>>> print(open('protein_20.pdb').read())   # PDB, N, CA and C atoms
ATOM      1  N   MET O  20      31.964  -0.360  16.645
ATOM      2  CA  MET O  20      30.765  -0.581  17.430
ATOM      3  C   MET O  20      31.171  -0.790  18.892
ATOM      4  N   PRO O  21      30.491  -0.115  19.838
ATOM      5  CA  PRO O  21      30.845  -0.252  21.248
ATOM      6  C   PRO O  21      30.550  -1.661  21.771
ATOM      7  N   GLN O  22      31.406  -2.087  22.678
ATOM      8  CA  GLN O  22      31.214  -3.407  23.280
ATOM      9  C   GLN O  22      30.129  -3.329  24.341
ATOM     10  N   LYS O  23      29.391  -4.399  24.451
ATOM     11  CA  LYS O  23      28.365  -4.479  25.484
ATOM     12  C   LYS O  23      29.035  -4.797  26.811
ATOM     13  N   SER O  24      28.593  -4.116  27.867
ATOM     14  CA  SER O  24      29.156  -4.390  29.183
ATOM     15  C   SER O  24      28.342  -5.481  29.874
ATOM     16  N   LYS O  25      29.029  -6.300  30.622
ATOM     17  CA  LYS O  25      28.342  -7.349  31.378
ATOM     18  C   LYS O  25      27.750  -6.755  32.639
ATOM     19  N   THR O  26      26.660  -7.308  33.051
ATOM     20  CA  THR O  26      26.019  -6.867  34.282
ATOM     21  C   THR O  26      25.665  -8.078  35.128
ATOM     22  N   ASP O  27      25.714  -7.896  36.421
ATOM     23  CA  ASP O  27      25.382  -8.984  37.339
ATOM     24  C   ASP O  27      23.945  -8.878  37.834
ATOM     25  N   LYS O  28      23.190  -7.951  37.265
ATOM     26  CA  LYS O  28      21.815  -7.754  37.692
ATOM     27  C   LYS O  28      20.924  -8.852  37.140
ATOM     28  N   LYS O  29      19.984  -9.266  37.971
ATOM     29  CA  LYS O  29      19.006 -10.268  37.551
ATOM     30  C   LYS O  29      17.928  -9.586  36.715
ATOM     31  N   PRO O  30      17.268 -10.331  35.851
ATOM     32  CA  PRO O  30      16.161  -9.746  35.086
ATOM     33  C   PRO O  30      15.060  -9.251  36.035
ATOM     34  N   GLY O  31      14.496  -8.105  35.720
ATOM     35  CA  GLY O  31      13.429  -7.550  36.544
ATOM     36  C   GLY O  31      13.911  -6.690  37.691
ATOM     37  N   VAL O  32      15.199  -6.313  37.680
ATOM     38  CA  VAL O  32      15.771  -5.534  38.774
ATOM     39  C   VAL O  32      16.474  -4.303  38.221
ATOM     40  N   CYS O  33      16.158  -3.125  38.777
ATOM     41  CA  CYS O  33      16.880  -1.898  38.408
ATOM     42  C   CYS O  33      18.113  -1.736  39.290
ATOM     43  N   ILE O  34      17.896  -1.697  40.596
ATOM     44  CA  ILE O  34      18.990  -1.587  41.564
ATOM     45  C   ILE O  34      18.842  -2.735  42.560
ATOM     46  N   PRO O  35      19.751  -3.703  42.546
ATOM     47  CA  PRO O  35      19.641  -4.839  43.464
ATOM     48  C   PRO O  35      19.734  -4.399  44.933
ATOM     49  N   TRP O  36      19.097  -5.143  45.804
ATOM     50  CA  TRP O  36      19.103  -4.839  47.231
ATOM     51  C   TRP O  36      20.530  -4.813  47.774
ATOM     52  N   GLU O  37      21.379  -5.708  47.331
ATOM     53  CA  GLU O  37      22.746  -5.777  47.827
ATOM     54  C   GLU O  37      23.495  -4.471  47.527
ATOM     55  N   GLU O  38      23.221  -3.881  46.383
ATOM     56  CA  GLU O  38      23.847  -2.614  46.005
ATOM     57  C   GLU O  38      23.256  -1.453  46.814
ATOM     58  N   LYS O  39      21.945  -1.443  46.970
ATOM     59  CA  LYS O  39      21.274  -0.375  47.718
ATOM     60  C   LYS O  39      21.629  -0.430  49.198
ATOM     61  N   ARG O  40      21.804  -1.626  49.736
ATOM     62  CA  ARG O  40      22.105  -1.808  51.161
ATOM     63  C   ARG O  40      23.410  -1.114  51.546
ATOM     64  N   LYS O  41      24.353  -1.057  50.612
ATOM     65  CA  LYS O  41      25.632  -0.407  50.877
ATOM     66  C   LYS O  41      25.488   1.106  51.027
ATOM     67  N   GLU O  42      24.426   1.677  50.478
ATOM     68  CA  GLU O  42      24.223   3.128  50.480
ATOM     69  C   GLU O  42      23.511   3.645  51.723
ATOM     70  N   ILE O  43      22.793   2.783  52.432
ATOM     71  CA  ILE O  43      21.979   3.253  53.552
ATOM     72  C   ILE O  43      22.667   2.951  54.885
ATOM     73  N   PRO O  44      22.370   3.750  55.911
ATOM     74  CA  PRO O  44      23.000   3.522  57.218
ATOM     75  C   PRO O  44      22.461   2.263  57.889
ATOM     76  N   LYS O  45      22.958   1.998  59.076
ATOM     77  CA  LYS O  45      22.560   0.813  59.842
ATOM     78  C   LYS O  45      21.040   0.781  60.022
ATOM     79  N   ILE O  46      20.477  -0.392  59.858
ATOM     80  CA  ILE O  46      19.023  -0.585  60.002
ATOM     81  C   ILE O  46      18.755  -1.123  61.401
ATOM     82  N   SER O  47      17.885  -0.428  62.139
ATOM     83  CA  SER O  47      17.593  -0.856  63.505
ATOM     84  C   SER O  47      16.362  -1.756  63.580
ATOM     85  N   GLY O  48      15.620  -1.838  62.500
ATOM     86  CA  GLY O  48      14.408  -2.656  62.472
ATOM     87  C   GLY O  48      14.639  -3.980  61.761
ATOM     88  N   ASP O  49      13.578  -4.512  61.192
ATOM     89  CA  ASP O  49      13.611  -5.790  60.494
ATOM     90  C   ASP O  49      14.153  -5.587  59.070
ATOM     91  N   GLU O  50      15.390  -5.982  58.847
ATOM     92  CA  GLU O  50      16.019  -5.782  57.541
ATOM     93  C   GLU O  50      15.325  -6.593  56.449
ATOM     94  N   ASN O  51      14.825  -7.761  56.765
ATOM     95  CA  ASN O  51      14.124  -8.572  55.765
ATOM     96  C   ASN O  51      12.854  -7.884  55.265
ATOM     97  N   LEU O  52      12.158  -7.192  56.153
ATOM     98  CA  LEU O  52      10.958  -6.456  55.757
ATOM     99  C   LEU O  52      11.324  -5.305  54.818
ATOM    100  N   ILE O  53      12.377  -4.583  55.159
ATOM    101  CA  ILE O  53      12.821  -3.473  54.312
ATOM    102  C   ILE O  53      13.298  -3.992  52.963
ATOM    103  N   ARG O  54      14.010  -5.101  52.947
ATOM    104  CA  ARG O  54      14.485  -5.709  51.699
ATOM    105  C   ARG O  54      13.300  -6.102  50.818
ATOM    106  N   LYS O  55      12.287  -6.708  51.418
ATOM    107  CA  LYS O  55      11.106  -7.143  50.670
ATOM    108  C   LYS O  55      10.379  -5.945  50.059
ATOM    109  N   ILE O  56      10.236  -4.860  50.821
ATOM    110  CA  ILE O  56       9.585  -3.652  50.308
ATOM    111  C   ILE O  56      10.430  -3.034  49.197
ATOM    112  N   TRP O  57      11.748  -2.973  49.384
ATOM    113  CA  TRP O  57      12.631  -2.423  48.347
ATOM    114  C   TRP O  57      12.503  -3.221  47.049
ATOM    115  N   GLN O  58      12.541  -4.531  47.156
ATOM    116  CA  GLN O  58      12.477  -5.365  45.962
ATOM    117  C   GLN O  58      11.126  -5.228  45.261
ATOM    118  N   GLY O  59      10.057  -5.068  46.011
ATOM    119  CA  GLY O  59       8.742  -4.872  45.414
ATOM    120  C   GLY O  59       8.658  -3.555  44.653
ATOM    121  N   ASN O  60       9.153  -2.481  45.269
ATOM    122  CA  ASN O  60       9.155  -1.177  44.600
ATOM    123  C   ASN O  60      10.076  -1.170  43.394
ATOM    124  N   ASP O  61      11.197  -1.826  43.504
ATOM    125  CA  ASP O  61      12.151  -1.894  42.405
ATOM    126  C   ASP O  61      11.550  -2.660  41.225
ATOM    127  N   ALA O  62      10.830  -3.706  41.497
ATOM    128  CA  ALA O  62      10.181  -4.477  40.433
ATOM    129  C   ALA O  62       9.111  -3.638  39.739
ATOM    130  N   LEU O  63       8.386  -2.826  40.498
ATOM    131  CA  LEU O  63       7.392  -1.938  39.887
ATOM    132  C   LEU O  63       8.066  -0.906  38.975
ATOM    133  N   ALA O  64       9.190  -0.363  39.404
ATOM    134  CA  ALA O  64       9.922   0.603  38.570
ATOM    135  C   ALA O  64      10.403  -0.060  37.284
ATOM    136  N   TYR O  65      10.895  -1.264  37.387
ATOM    137  CA  TYR O  65      11.366  -2.006  36.213
ATOM    138  C   TYR O  65      10.213  -2.242  35.231
ATOM    139  N   THR O  66       9.080  -2.643  35.763
ATOM    140  CA  THR O  66       7.904  -2.887  34.923
ATOM    141  C   THR O  66       7.431  -1.596  34.263
ATOM    142  N   TYR O  67       7.443  -0.502  35.000
ATOM    143  CA  TYR O  67       7.029   0.793  34.454
ATOM    144  C   TYR O  67       7.943   1.211  33.301
ATOM    145  N   ILE O  68       9.248   1.062  33.479
ATOM    146  CA  ILE O  68      10.199   1.424  32.426
ATOM    147  C   ILE O  68       9.931   0.604  31.168
ATOM    148  N   TRP O  69       9.764  -0.702  31.316
ATOM    149  CA  TRP O  69       9.502  -1.546  30.150
ATOM    150  C   TRP O  69       8.167  -1.211  29.505
ATOM    151  N   HIS O  70       7.187  -0.908  30.318
ATOM    152  CA  HIS O  70       5.872  -0.534  29.774
ATOM    153  C   HIS O  70       6.003   0.730  28.924
ATOM    154  N   CYS O  71       6.723   1.720  29.414
ATOM    155  CA  CYS O  71       6.913   2.969  28.646
ATOM    156  C   CYS O  71       7.673   2.703  27.357
ATOM    157  N   LEU O  72       8.681   1.856  27.399
ATOM    158  CA  LEU O  72       9.461   1.565  26.209
ATOM    159  C   LEU O  72       8.638   0.831  25.158
ATOM    160  N   LEU O  73       7.806  -0.093  25.580
ATOM    161  CA  LEU O  73       7.062  -0.914  24.642
ATOM    162  C   LEU O  73       5.758  -0.271  24.167
ATOM    163  N   SER O  74       5.229   0.648  24.928
ATOM    164  CA  SER O  74       3.942   1.259  24.593
ATOM    165  C   SER O  74       4.053   2.422  23.623
ATOM    166  N   PHE O  75       5.217   3.045  23.571
ATOM    167  CA  PHE O  75       5.316   4.260  22.757
ATOM    168  C   PHE O  75       6.297   4.075  21.676
TER     169      PHE O  75
END
>>> encode(input="protein_20.pdb", output="structure tokens")
Amino acid sequence: MPQKSKTDKKPGVCIPWEEKRKEIPKISGDENLIRKIWQGNDALAYTYIWHCLLSF
């Protein structure tokens, strides 16, 4: 049986902001605003995935 891998992700998160931040170039605007929007969209994606898994 395969071993389960540990993850540092918090519940309700697909891709943490800290991980996504490494992928994007320098931000010239308000980084806190972008982080808040990213986390909101990420939470919606997480909820959608769970909804699909549990509904069907």
>>> atom_distance(input="protein_20.pdb", atom1="atom C of Ile53 in chain O", atom2="atom C of Glu38 in chain O")
12.0 Å
>>> atom_distance(input="protein_20.pdb", atom1="CA of Leu52 in chain O", atom2="CA of Lys29 in chain O")
20.3 Å
>>> atom_distance(input="protein_20.pdb", atom1="atom N of Gln58 in chain O", atom2="atom C of Phe75 in chain O")
27.6 Å
>>> select_by_dssp(input="protein_20.pdb", residues="chain O", states="alpha helix (DSSP H)", output="PyMOL selection string")
chain O and resi 36-40+50-74
>>> write_last_selection(input="protein_20.pdb", atoms="N, CA and C atoms", output="compact mmCIF listing (two decimals), in the coordinates of the input")
# COMPACT_ATOMS: atom_id res chain seq x y z
N TRP O 36 19.10 -5.14 45.80
CA TRP O 36 19.10 -4.84 47.23
C TRP O 36 20.53 -4.81 47.77
N GLU O 37 21.38 -5.71 47.33
CA GLU O 37 22.75 -5.78 47.83
C GLU O 37 23.50 -4.47 47.53
N GLU O 38 23.22 -3.88 46.38
CA GLU O 38 23.85 -2.61 46.00
C GLU O 38 23.26 -1.45 46.81
N LYS O 39 21.94 -1.44 46.97
CA LYS O 39 21.27 -0.38 47.72
C LYS O 39 21.63 -0.43 49.20
N ARG O 40 21.80 -1.63 49.74
CA ARG O 40 22.10 -1.81 51.16
C ARG O 40 23.41 -1.11 51.55
N GLU O 50 15.39 -5.98 58.85
CA GLU O 50 16.02 -5.78 57.54
C GLU O 50 15.32 -6.59 56.45
N ASN O 51 14.82 -7.76 56.76
CA ASN O 51 14.12 -8.57 55.76
C ASN O 51 12.85 -7.88 55.26
N LEU O 52 12.16 -7.19 56.15
CA LEU O 52 10.96 -6.46 55.76
C LEU O 52 11.32 -5.30 54.82
N ILE O 53 12.38 -4.58 55.16
CA ILE O 53 12.82 -3.47 54.31
C ILE O 53 13.30 -3.99 52.96
N ARG O 54 14.01 -5.10 52.95
CA ARG O 54 14.48 -5.71 51.70
C ARG O 54 13.30 -6.10 50.82
N LYS O 55 12.29 -6.71 51.42
CA LYS O 55 11.11 -7.14 50.67
C LYS O 55 10.38 -5.94 50.06
N ILE O 56 10.24 -4.86 50.82
CA ILE O 56 9.59 -3.65 50.31
C ILE O 56 10.43 -3.03 49.20
N TRP O 57 11.75 -2.97 49.38
CA TRP O 57 12.63 -2.42 48.35
C TRP O 57 12.50 -3.22 47.05
N GLN O 58 12.54 -4.53 47.16
CA GLN O 58 12.48 -5.36 45.96
C GLN O 58 11.13 -5.23 45.26
N GLY O 59 10.06 -5.07 46.01
CA GLY O 59 8.74 -4.87 45.41
C GLY O 59 8.66 -3.56 44.65
N ASN O 60 9.15 -2.48 45.27
CA ASN O 60 9.15 -1.18 44.60
C ASN O 60 10.08 -1.17 43.39
N ASP O 61 11.20 -1.83 43.50
CA ASP O 61 12.15 -1.89 42.40
C ASP O 61 11.55 -2.66 41.22
N ALA O 62 10.83 -3.71 41.50
CA ALA O 62 10.18 -4.48 40.43
C ALA O 62 9.11 -3.64 39.74
N LEU O 63 8.39 -2.83 40.50
CA LEU O 63 7.39 -1.94 39.89
C LEU O 63 8.07 -0.91 38.98
N ALA O 64 9.19 -0.36 39.40
CA ALA O 64 9.92 0.60 38.57
C ALA O 64 10.40 -0.06 37.28
N TYR O 65 10.90 -1.26 37.39
CA TYR O 65 11.37 -2.01 36.21
C TYR O 65 10.21 -2.24 35.23
N THR O 66 9.08 -2.64 35.76
CA THR O 66 7.90 -2.89 34.92
C THR O 66 7.43 -1.60 34.26
N TYR O 67 7.44 -0.50 35.00
CA TYR O 67 7.03 0.79 34.45
C TYR O 67 7.94 1.21 33.30
N ILE O 68 9.25 1.06 33.48
CA ILE O 68 10.20 1.42 32.43
C ILE O 68 9.93 0.60 31.17
N TRP O 69 9.76 -0.70 31.32
CA TRP O 69 9.50 -1.55 30.15
C TRP O 69 8.17 -1.21 29.50
N HIS O 70 7.19 -0.91 30.32
CA HIS O 70 5.87 -0.53 29.77
C HIS O 70 6.00 0.73 28.92
N CYS O 71 6.72 1.72 29.41
CA CYS O 71 6.91 2.97 28.65
C CYS O 71 7.67 2.70 27.36
N LEU O 72 8.68 1.86 27.40
CA LEU O 72 9.46 1.56 26.21
C LEU O 72 8.64 0.83 25.16
N LEU O 73 7.81 -0.09 25.58
CA LEU O 73 7.06 -0.91 24.64
C LEU O 73 5.76 -0.27 24.17
N SER O 74 5.23 0.65 24.93
CA SER O 74 3.94 1.26 24.59
C SER O 74 4.05 2.42 23.62
>>> residues_around(input="protein_20.pdb", residues="Gly31 in chain O", least_positions_apart="6", cutoff="12 Å", atoms="only C-alpha atoms", output="ChimeraX atom specification")
/O:58-69
>>> axis_aligned_box(input="protein_20.pdb", around="range 47-50 of chain O", padding_each_side="5 Å", output="lines of an AutoDock Vina configuration file")
center_x = 15.7
center_y = -3.5
center_z = 60.0
size_x = 14.3
size_y = 16.2
size_z = 17.1
